[in-house]
>>> print(open('structure.json').read())   # JSON, N, CA and C atoms
[["chain", "number", "residue", "atom", "x", "y", "z"],
["O", 1, "MET", "N", -40.10, 162.54, 199.65],
["O", 1, "MET", "CA", -38.68, 162.58, 199.91],
["O", 1, "MET", "C", -38.27, 164.02, 200.26],
["O", 2, "ASP", "N", -37.40, 164.14, 201.25],
["O", 2, "ASP", "CA", -36.92, 165.44, 201.67],
["O", 2, "ASP", "C", -36.00, 166.05, 200.62],
["O", 3, "THR", "N", -36.04, 167.35, 200.52],
["O", 3, "THR", "CA", -35.14, 168.07, 199.64],
["O", 3, "THR", "C", -33.96, 168.53, 200.48],
["O", 4, "LEU", "N", -32.75, 168.27, 199.99],
["O", 4, "LEU", "CA", -31.56, 168.70, 200.70],
["O", 4, "LEU", "C", -31.20, 170.13, 200.31],
["O", 5, "ALA", "N", -30.66, 170.84, 201.26],
["O", 5, "ALA", "CA", -30.13, 172.18, 200.99],
["O", 5, "ALA", "C", -28.77, 172.23, 201.67],
["O", 6, "SER", "N", -27.82, 172.92, 201.05],
["O", 6, "SER", "CA", -26.48, 172.97, 201.62],
["O", 6, "SER", "C", -25.85, 174.33, 201.39],
["O", 7, "GLU", "N", -24.80, 174.57, 202.16],
["O", 7, "GLU", "CA", -24.03, 175.80, 202.03],
["O", 7, "GLU", "C", -22.60, 175.49, 202.42],
["O", 8, "ASN", "N", -21.65, 176.10, 201.73],
["O", 8, "ASN", "CA", -20.23, 175.96, 202.01],
["O", 8, "ASN", "C", -19.65, 177.34, 202.29],
["O", 9, "TRP", "N", -18.66, 177.39, 203.19],
["O", 9, "TRP", "CA", -17.97, 178.64, 203.47],
["O", 9, "TRP", "C", -16.60, 178.31, 204.05],
["O", 10, "SER", "N", -15.77, 179.29, 204.18],
["O", 10, "SER", "CA", -14.43, 179.10, 204.70],
["O", 10, "SER", "C", -14.38, 179.40, 206.20],
["O", 11, "VAL", "N", -13.75, 178.51, 206.94],
["O", 11, "VAL", "CA", -13.54, 178.68, 208.38],
["O", 11, "VAL", "C", -12.12, 178.25, 208.69],
["O", 12, "TRP", "N", -11.33, 179.13, 209.25],
["O", 12, "TRP", "CA", -9.96, 178.83, 209.68],
["O", 12, "TRP", "C", -9.12, 178.25, 208.54],
["O", 13, "GLY", "N", -9.35, 178.73, 207.33],
["O", 13, "GLY", "CA", -8.58, 178.26, 206.19],
["O", 13, "GLY", "C", -9.04, 176.93, 205.63],
["O", 14, "CYS", "N", -10.15, 176.41, 206.12],
["O", 14, "CYS", "CA", -10.70, 175.14, 205.64],
["O", 14, "CYS", "C", -12.10, 175.40, 205.09],
["O", 15, "GLU", "N", -12.61, 174.44, 204.34],
["O", 15, "GLU", "CA", -13.97, 174.57, 203.84],
["O", 15, "GLU", "C", -14.94, 173.90, 204.81],
["O", 16, "ALA", "N", -15.92, 174.65, 205.23],
["O", 16, "ALA", "CA", -16.99, 174.12, 206.08],
["O", 16, "ALA", "C", -18.22, 173.88, 205.21],
["O", 17, "SER", "N", -18.98, 172.88, 205.54],
["O", 17, "SER", "CA", -20.21, 172.56, 204.81],
["O", 17, "SER", "C", -21.30, 172.24, 205.81],
["O", 18, "ILE", "N", -22.51, 172.59, 205.43],
["O", 18, "ILE", "CA", -23.67, 172.22, 206.23],
["O", 18, "ILE", "C", -24.74, 171.75, 205.27],
["O", 19, "VAL", "N", -25.41, 170.65, 205.62],
["O", 19, "VAL", "CA", -26.47, 170.09, 204.80],
["O", 19, "VAL", "C", -27.67, 169.85, 205.70],
["O", 20, "VAL", "N", -28.82, 170.27, 205.24],
["O", 20, "VAL", "CA", -30.06, 170.07, 205.99],
["O", 20, "VAL", "C", -31.09, 169.38, 205.10],
["O", 21, "THR", "N", -32.00, 168.67, 205.73],
["O", 21, "THR", "CA", -33.06, 168.00, 204.97],
["O", 21, "THR", "C", -34.30, 168.87, 204.83],
["O", 22, "ASP", "N", -34.31, 169.99, 205.53],
["O", 22, "ASP", "CA", -35.41, 170.95, 205.43],
["O", 22, "ASP", "C", -34.79, 172.28, 204.97],
["O", 23, "PRO", "N", -34.96, 172.65, 203.71],
["O", 23, "PRO", "CA", -34.35, 173.87, 203.21],
["O", 23, "PRO", "C", -34.68, 175.13, 204.01],
["O", 24, "THR", "N", -35.82, 175.14, 204.67],
["O", 24, "THR", "CA", -36.16, 176.33, 205.47],
["O", 24, "THR", "C", -35.30, 176.43, 206.73],
["O", 25, "ALA", "N", -34.59, 175.37, 207.07],
["O", 25, "ALA", "CA", -33.74, 175.37, 208.27],
["O", 25, "ALA", "C", -32.29, 175.75, 207.95],
["O", 26, "LEU", "N", -31.96, 175.95, 206.69],
["O", 26, "LEU", "CA", -30.56, 176.20, 206.31],
["O", 26, "LEU", "C", -29.99, 177.45, 206.98],
["O", 27, "ALA", "N", -30.71, 178.54, 206.94],
["O", 27, "ALA", "CA", -30.19, 179.79, 207.53],
["O", 27, "ALA", "C", -29.96, 179.63, 209.03],
["O", 28, "ALA", "N", -30.89, 179.00, 209.73],
["O", 28, "ALA", "CA", -30.73, 178.79, 211.17],
["O", 28, "ALA", "C", -29.56, 177.86, 211.46],
["O", 29, "ALA", "N", -29.41, 176.80, 210.68],
["O", 29, "ALA", "CA", -28.31, 175.86, 210.88],
["O", 29, "ALA", "C", -26.97, 176.56, 210.64],
["O", 30, "ARG", "N", -26.89, 177.37, 209.61],
["O", 30, "ARG", "CA", -25.65, 178.12, 209.35],
["O", 30, "ARG", "C", -25.36, 179.10, 210.49],
["O", 31, "ALA", "N", -26.38, 179.75, 211.00],
["O", 31, "ALA", "CA", -26.20, 180.68, 212.11],
["O", 31, "ALA", "C", -25.67, 179.97, 213.35],
["O", 32, "ILE", "N", -26.18, 178.78, 213.63],
["O", 32, "ILE", "CA", -25.70, 178.00, 214.77],
["O", 32, "ILE", "C", -24.24, 177.60, 214.57],
["O", 33, "ALA", "N", -23.92, 177.10, 213.39],
["O", 33, "ALA", "CA", -22.54, 176.70, 213.10],
["O", 33, "ALA", "C", -21.59, 177.89, 213.19],
["O", 34, "THR", "N", -22.00, 179.02, 212.69],
["O", 34, "THR", "CA", -21.17, 180.23, 212.75],
["O", 34, "THR", "C", -20.98, 180.68, 214.20],
["O", 35, "ALA", "N", -22.03, 180.62, 214.99],
["O", 35, "ALA", "CA", -21.93, 181.03, 216.40],
["O", 35, "ALA", "C", -20.99, 180.10, 217.17],
["O", 36, "VAL", "N", -21.08, 178.81, 216.92],
["O", 36, "VAL", "CA", -20.21, 177.86, 217.63],
["O", 36, "VAL", "C", -18.76, 178.05, 217.22],
["O", 37, "THR", "N", -18.49, 178.20, 215.93],
["O", 37, "THR", "CA", -17.10, 178.40, 215.50],
["O", 37, "THR", "C", -16.56, 179.73, 216.04],
["O", 38, "ARG", "N", -17.41, 180.74, 216.17],
["O", 38, "ARG", "CA", -16.98, 182.01, 216.75],
["O", 38, "ARG", "C", -16.63, 181.83, 218.22],
["O", 39, "GLN", "N", -17.41, 181.05, 218.95],
["O", 39, "GLN", "CA", -17.11, 180.78, 220.37],
["O", 39, "GLN", "C", -15.77, 180.06, 220.51],
["O", 40, "VAL", "N", -15.53, 179.09, 219.65],
["O", 40, "VAL", "CA", -14.26, 178.36, 219.69],
["O", 40, "VAL", "C", -13.11, 179.31, 219.39],
["O", 41, "ASP", "N", -13.27, 180.12, 218.36],
["O", 41, "ASP", "CA", -12.23, 181.09, 217.99],
["O", 41, "ASP", "C", -11.97, 182.08, 219.12],
["O", 42, "ASP", "N", -13.03, 182.58, 219.74],
["O", 42, "ASP", "CA", -12.87, 183.51, 220.86],
["O", 42, "ASP", "C", -12.14, 182.86, 222.03],
["O", 43, "ALA", "N", -12.39, 181.59, 222.24],
["O", 43, "ALA", "CA", -11.81, 180.89, 223.39],
["O", 43, "ALA", "C", -10.36, 180.49, 223.17],
["O", 44, "CYS", "N", -10.04, 179.97, 221.99],
["O", 44, "CYS", "CA", -8.72, 179.34, 221.91],
["O", 44, "CYS", "C", -7.93, 179.58, 220.62],
["O", 45, "SER", "N", -8.23, 180.60, 219.88],
["O", 45, "SER", "CA", -7.42, 180.88, 218.70],
["O", 45, "SER", "C", -6.02, 181.29, 219.11],
["O", 46, "ARG", "N", -5.02, 180.65, 218.53],
["O", 46, "ARG", "CA", -3.64, 181.07, 218.80],
["O", 46, "ARG", "C", -3.22, 182.18, 217.85],
["O", 47, "PHE", "N", -4.09, 182.55, 216.93],
["O", 47, "PHE", "CA", -3.79, 183.59, 215.95],
["O", 47, "PHE", "C", -4.37, 184.95, 216.33],
["O", 48, "ARG", "N", -5.19, 184.98, 217.36],
["O", 48, "ARG", "CA", -5.83, 186.23, 217.78],
["O", 48, "ARG", "C", -5.28, 186.68, 219.12],
["O", 49, "PRO", "N", -4.74, 187.88, 219.20],
["O", 49, "PRO", "CA", -4.19, 188.35, 220.47],
["O", 49, "PRO", "C", -5.25, 188.57, 221.55],
["O", 50, "ASP", "N", -6.52, 188.59, 221.16],
["O", 50, "ASP", "CA", -7.59, 188.80, 222.14],
["O", 50, "ASP", "C", -8.33, 187.52, 222.51],
["O", 51, "SER", "N", -7.86, 186.36, 222.05],
["O", 51, "SER", "CA", -8.54, 185.12, 222.43],
["O", 51, "SER", "C", -8.27, 184.84, 223.90],
["O", 52, "GLU", "N", -9.19, 184.15, 224.52],
["O", 52, "GLU", "CA", -9.05, 183.84, 225.94],
["O", 52, "GLU", "C", -7.75, 183.11, 226.22],
["O", 53, "LEU", "N", -7.41, 182.14, 225.41],
["O", 53, "LEU", "CA", -6.20, 181.36, 225.65],
["O", 53, "LEU", "C", -4.94, 182.22, 225.59],
["O", 54, "VAL", "N", -4.87, 183.12, 224.62],
["O", 54, "VAL", "CA", -3.71, 184.00, 224.52],
["O", 54, "VAL", "C", -3.65, 184.95, 225.72],
["O", 55, "LEU", "N", -4.80, 185.47, 226.12],
["O", 55, "LEU", "CA", -4.83, 186.42, 227.23],
["O", 55, "LEU", "C", -4.45, 185.78, 228.57],
["O", 56, "ILE", "N", -4.83, 184.51, 228.77],
["O", 56, "ILE", "CA", -4.51, 183.89, 230.06],
["O", 56, "ILE", "C", -3.19, 183.13, 230.04],
["O", 57, "ALA", "N", -2.56, 183.00, 228.90],
["O", 57, "ALA", "CA", -1.32, 182.22, 228.80],
["O", 57, "ALA", "C", -0.28, 182.59, 229.86],
["O", 58, "PRO", "N", -0.05, 183.87, 230.13],
["O", 58, "PRO", "CA", 0.94, 184.21, 231.15],
["O", 58, "PRO", "C", 0.55, 183.72, 232.56],
["O", 59, "LEU", "N", -0.73, 183.50, 232.79],
["O", 59, "LEU", "CA", -1.21, 183.07, 234.11],
["O", 59, "LEU", "C", -1.17, 181.56, 234.29],
["O", 60, "LEU", "N", -1.04, 180.81, 233.21],
["O", 60, "LEU", "CA", -1.21, 179.36, 233.28],
["O", 60, "LEU", "C", -0.21, 178.65, 234.18],
["O", 61, "PRO", "N", 1.06, 179.05, 234.25],
["O", 61, "PRO", "CA", 1.97, 178.32, 235.15],
["O", 61, "PRO", "C", 1.51, 178.32, 236.61],
["O", 62, "ALA", "N", 0.85, 179.38, 237.03],
["O", 62, "ALA", "CA", 0.36, 179.46, 238.41],
["O", 62, "ALA", "C", -1.07, 178.95, 238.54],
["O", 63, "GLY", "N", -1.73, 178.69, 237.43],
["O", 63, "GLY", "CA", -3.12, 178.26, 237.44],
["O", 63, "GLY", "C", -4.04, 179.42, 237.09],
["O", 64, "ALA", "N", -5.07, 179.14, 236.35],
["O", 64, "ALA", "CA", -6.00, 180.19, 235.93],
["O", 64, "ALA", "C", -7.40, 179.61, 235.82],
["O", 65, "THR", "N", -8.37, 180.44, 236.07],
["O", 65, "THR", "CA", -9.76, 180.07, 235.87],
["O", 65, "THR", "C", -10.11, 180.34, 234.41],
["O", 66, "VAL", "N", -10.78, 179.39, 233.78],
["O", 66, "VAL", "CA", -11.13, 179.54, 232.37],
["O", 66, "VAL", "C", -12.64, 179.50, 232.21],
["O", 67, "SER", "N", -13.10, 179.96, 231.07],
["O", 67, "SER", "CA", -14.53, 179.94, 230.77],
["O", 67, "SER", "C", -15.01, 178.51, 230.58],
["O", 68, "PRO", "N", -16.32, 178.29, 230.71],
["O", 68, "PRO", "CA", -16.85, 176.95, 230.43],
["O", 68, "PRO", "C", -16.54, 176.47, 229.01],
["O", 69, "THR", "N", -16.56, 177.38, 228.06],
["O", 69, "THR", "CA", -16.25, 176.99, 226.67],
["O", 69, "THR", "C", -14.82, 176.48, 226.56],
["O", 70, "LEU", "N", -13.87, 177.23, 227.10],
["O", 70, "LEU", "CA", -12.48, 176.80, 227.03],
["O", 70, "LEU", "C", -12.27, 175.51, 227.81],
["O", 71, "ALA", "N", -12.93, 175.35, 228.94],
["O", 71, "ALA", "CA", -12.81, 174.12, 229.72],
["O", 71, "ALA", "C", -13.27, 172.91, 228.91],
["O", 72, "VAL", "N", -14.40, 173.02, 228.21],
["O", 72, "VAL", "CA", -14.90, 171.92, 227.38],
["O", 72, "VAL", "C", -13.92, 171.61, 226.24],
["O", 73, "LEU", "N", -13.38, 172.65, 225.63],
["O", 73, "LEU", "CA", -12.45, 172.45, 224.52],
["O", 73, "LEU", "C", -11.15, 171.79, 225.00],
["O", 74, "ILE", "N", -10.65, 172.20, 226.15],
["O", 74, "ILE", "CA", -9.44, 171.59, 226.69],
["O", 74, "ILE", "C", -9.70, 170.13, 227.04],
["O", 75, "GLU", "N", -10.81, 169.85, 227.68],
["O", 75, "GLU", "CA", -11.14, 168.46, 228.01],
["O", 75, "GLU", "C", -11.24, 167.61, 226.75],
["O", 76, "GLY", "N", -11.85, 168.15, 225.70],
["O", 76, "GLY", "CA", -11.94, 167.41, 224.44],
["O", 76, "GLY", "C", -10.57, 167.15, 223.83],
["O", 77, "ALA", "N", -9.70, 168.14, 223.91],
["O", 77, "ALA", "CA", -8.34, 167.97, 223.38],
["O", 77, "ALA", "C", -7.57, 166.93, 224.17],
["O", 78, "LEU", "N", -7.71, 166.95, 225.49],
["O", 78, "LEU", "CA", -7.02, 165.95, 226.31],
["O", 78, "LEU", "C", -7.58, 164.56, 226.08],
["O", 79, "GLN", "N", -8.88, 164.47, 225.88],
["O", 79, "GLN", "CA", -9.50, 163.18, 225.56],
["O", 79, "GLN", "C", -8.99, 162.65, 224.22],
["O", 80, "ALA", "N", -8.86, 163.53, 223.24],
["O", 80, "ALA", "CA", -8.31, 163.11, 221.94],
["O", 80, "ALA", "C", -6.89, 162.60, 222.10],
["O", 81, "ALA", "N", -6.10, 163.25, 222.94],
["O", 81, "ALA", "CA", -4.73, 162.79, 223.19],
["O", 81, "ALA", "C", -4.74, 161.41, 223.83],
["O", 82, "ARG", "N", -5.63, 161.20, 224.80],
["O", 82, "ARG", "CA", -5.71, 159.89, 225.46],
["O", 82, "ARG", "C", -6.13, 158.81, 224.47],
["O", 83, "LEU", "N", -7.15, 159.10, 223.67],
["O", 83, "LEU", "CA", -7.68, 158.09, 222.74],
["O", 83, "LEU", "C", -6.71, 157.75, 221.61],
["O", 84, "THR", "N", -5.79, 158.65, 221.30],
["O", 84, "THR", "CA", -4.83, 158.42, 220.20],
["O", 84, "THR", "C", -3.43, 158.11, 220.72],
["O", 85, "ASP", "N", -3.32, 157.81, 222.00],
["O", 85, "ASP", "CA", -2.02, 157.56, 222.62],
["O", 85, "ASP", "C", -1.03, 158.67, 222.31],
["O", 86, "GLY", "N", -1.52, 159.90, 222.31],
["O", 86, "GLY", "CA", -0.65, 161.06, 222.13],
["O", 86, "GLY", "C", -0.42, 161.48, 220.69],
["O", 87, "ASP", "N", -0.99, 160.76, 219.71],
["O", 87, "ASP", "CA", -0.82, 161.18, 218.31],
["O", 87, "ASP", "C", -1.45, 162.54, 218.07],
["O", 88, "VAL", "N", -2.56, 162.82, 218.75],
["O", 88, "VAL", "CA", -3.15, 164.15, 218.76],
["O", 88, "VAL", "C", -2.67, 164.79, 220.05],
["O", 89, "ASP", "N", -1.95, 165.90, 219.94],
["O", 89, "ASP", "CA", -1.33, 166.49, 221.12],
["O", 89, "ASP", "C", -1.67, 167.97, 221.23],
["O", 90, "PRO", "N", -2.51, 168.34, 222.22],
["O", 90, "PRO", "CA", -2.90, 169.75, 222.34],
["O", 90, "PRO", "C", -1.81, 170.63, 222.93],
["O", 91, "THR", "N", -0.66, 170.08, 223.27],
["O", 91, "THR", "CA", 0.40, 170.87, 223.90],
["O", 91, "THR", "C", 1.46, 171.33, 222.91],
["O", 92, "LEU", "N", 1.21, 171.19, 221.62],
["O", 92, "LEU", "CA", 2.23, 171.53, 220.61],
["O", 92, "LEU", "C", 2.14, 172.97, 220.11],
["O", 93, "GLY", "N", 1.37, 173.81, 220.76],
["O", 93, "GLY", "CA", 1.17, 175.18, 220.29],
["O", 93, "GLY", "C", 2.46, 175.95, 220.07],
["O", 94, "ASN", "N", 3.39, 175.88, 221.00],
["O", 94, "ASN", "CA", 4.64, 176.62, 220.84],
["O", 94, "ASN", "C", 5.43, 176.12, 219.64],
["O", 95, "GLU", "N", 5.47, 174.82, 219.42],
["O", 95, "GLU", "CA", 6.18, 174.26, 218.29],
["O", 95, "GLU", "C", 5.55, 174.68, 216.97],
["O", 96, "LEU", "N", 4.21, 174.77, 216.93],
["O", 96, "LEU", "CA", 3.52, 175.18, 215.71],
["O", 96, "LEU", "C", 3.72, 176.65, 215.43],
["O", 97, "ALA", "N", 3.80, 177.46, 216.49],
["O", 97, "ALA", "CA", 3.99, 178.90, 216.31],
["O", 97, "ALA", "C", 5.35, 179.16, 215.72]]
>>> encode(input="structure.json", output="structure tokens")
Amino acid sequence: MDTLASENWSVWGCEASIVVTDPTALAAARAIATAVTRQVDDACSRFRPDSELVLIAPLLPAGATVSPTLAVLIEGALQAARLTDGDVDPTLGNELA
């Protein structure tokens, strides 16, 4: 039987957890999760003045080229809006701010 290994940490004010069936893979799995959350934060954090989304916001009315990461995240957000009939709405940033 495989031995489980896990780690918890805080991300964006929430608790993140990772569980692996191979304890020797825990550090690598945590590094991957940390790298991905860092990419998301770099691309679209509304709390960071240096995030891609904040930096390009003034350009958006005229159209702007975005990174592949931000493009994937926007498509995912729009898909969530479609699948939930708008219950999940990626356009509420100003209201939340």
>>> residues_around(input="structure.json", residues="segment 35-40 of chain O", least_positions_apart="5", cutoff="7 Å", atoms="all atoms listed in the file", output="MDAnalysis selection string")
chainID O and resid 30 45 69
>>> closest_residue(input="structure.json", among="O:Ser17, O:Pro23, O:Leu53, O:Ala31", to="Leu4 of chain O", atoms="all atoms listed in the file")
O:Pro23
>>> closest_residue(input="structure.json", among="O:Val11, O:Ala80, O:Ile74, O:Leu26", to="Ala43 of chain O", atoms="only C-alpha atoms")
O:Ile74
>>> select_by_dssp(input="structure.json", residues="chain O", states="strand (DSSP E)", output="VMD selection string")
chain O and resid 5 to 11 14 to 20
>>> atom_distance(input="structure.json", atom1="atom N of Pro49 of chain O", atom2="atom C of Glu75 of chain O")
22.6 Å
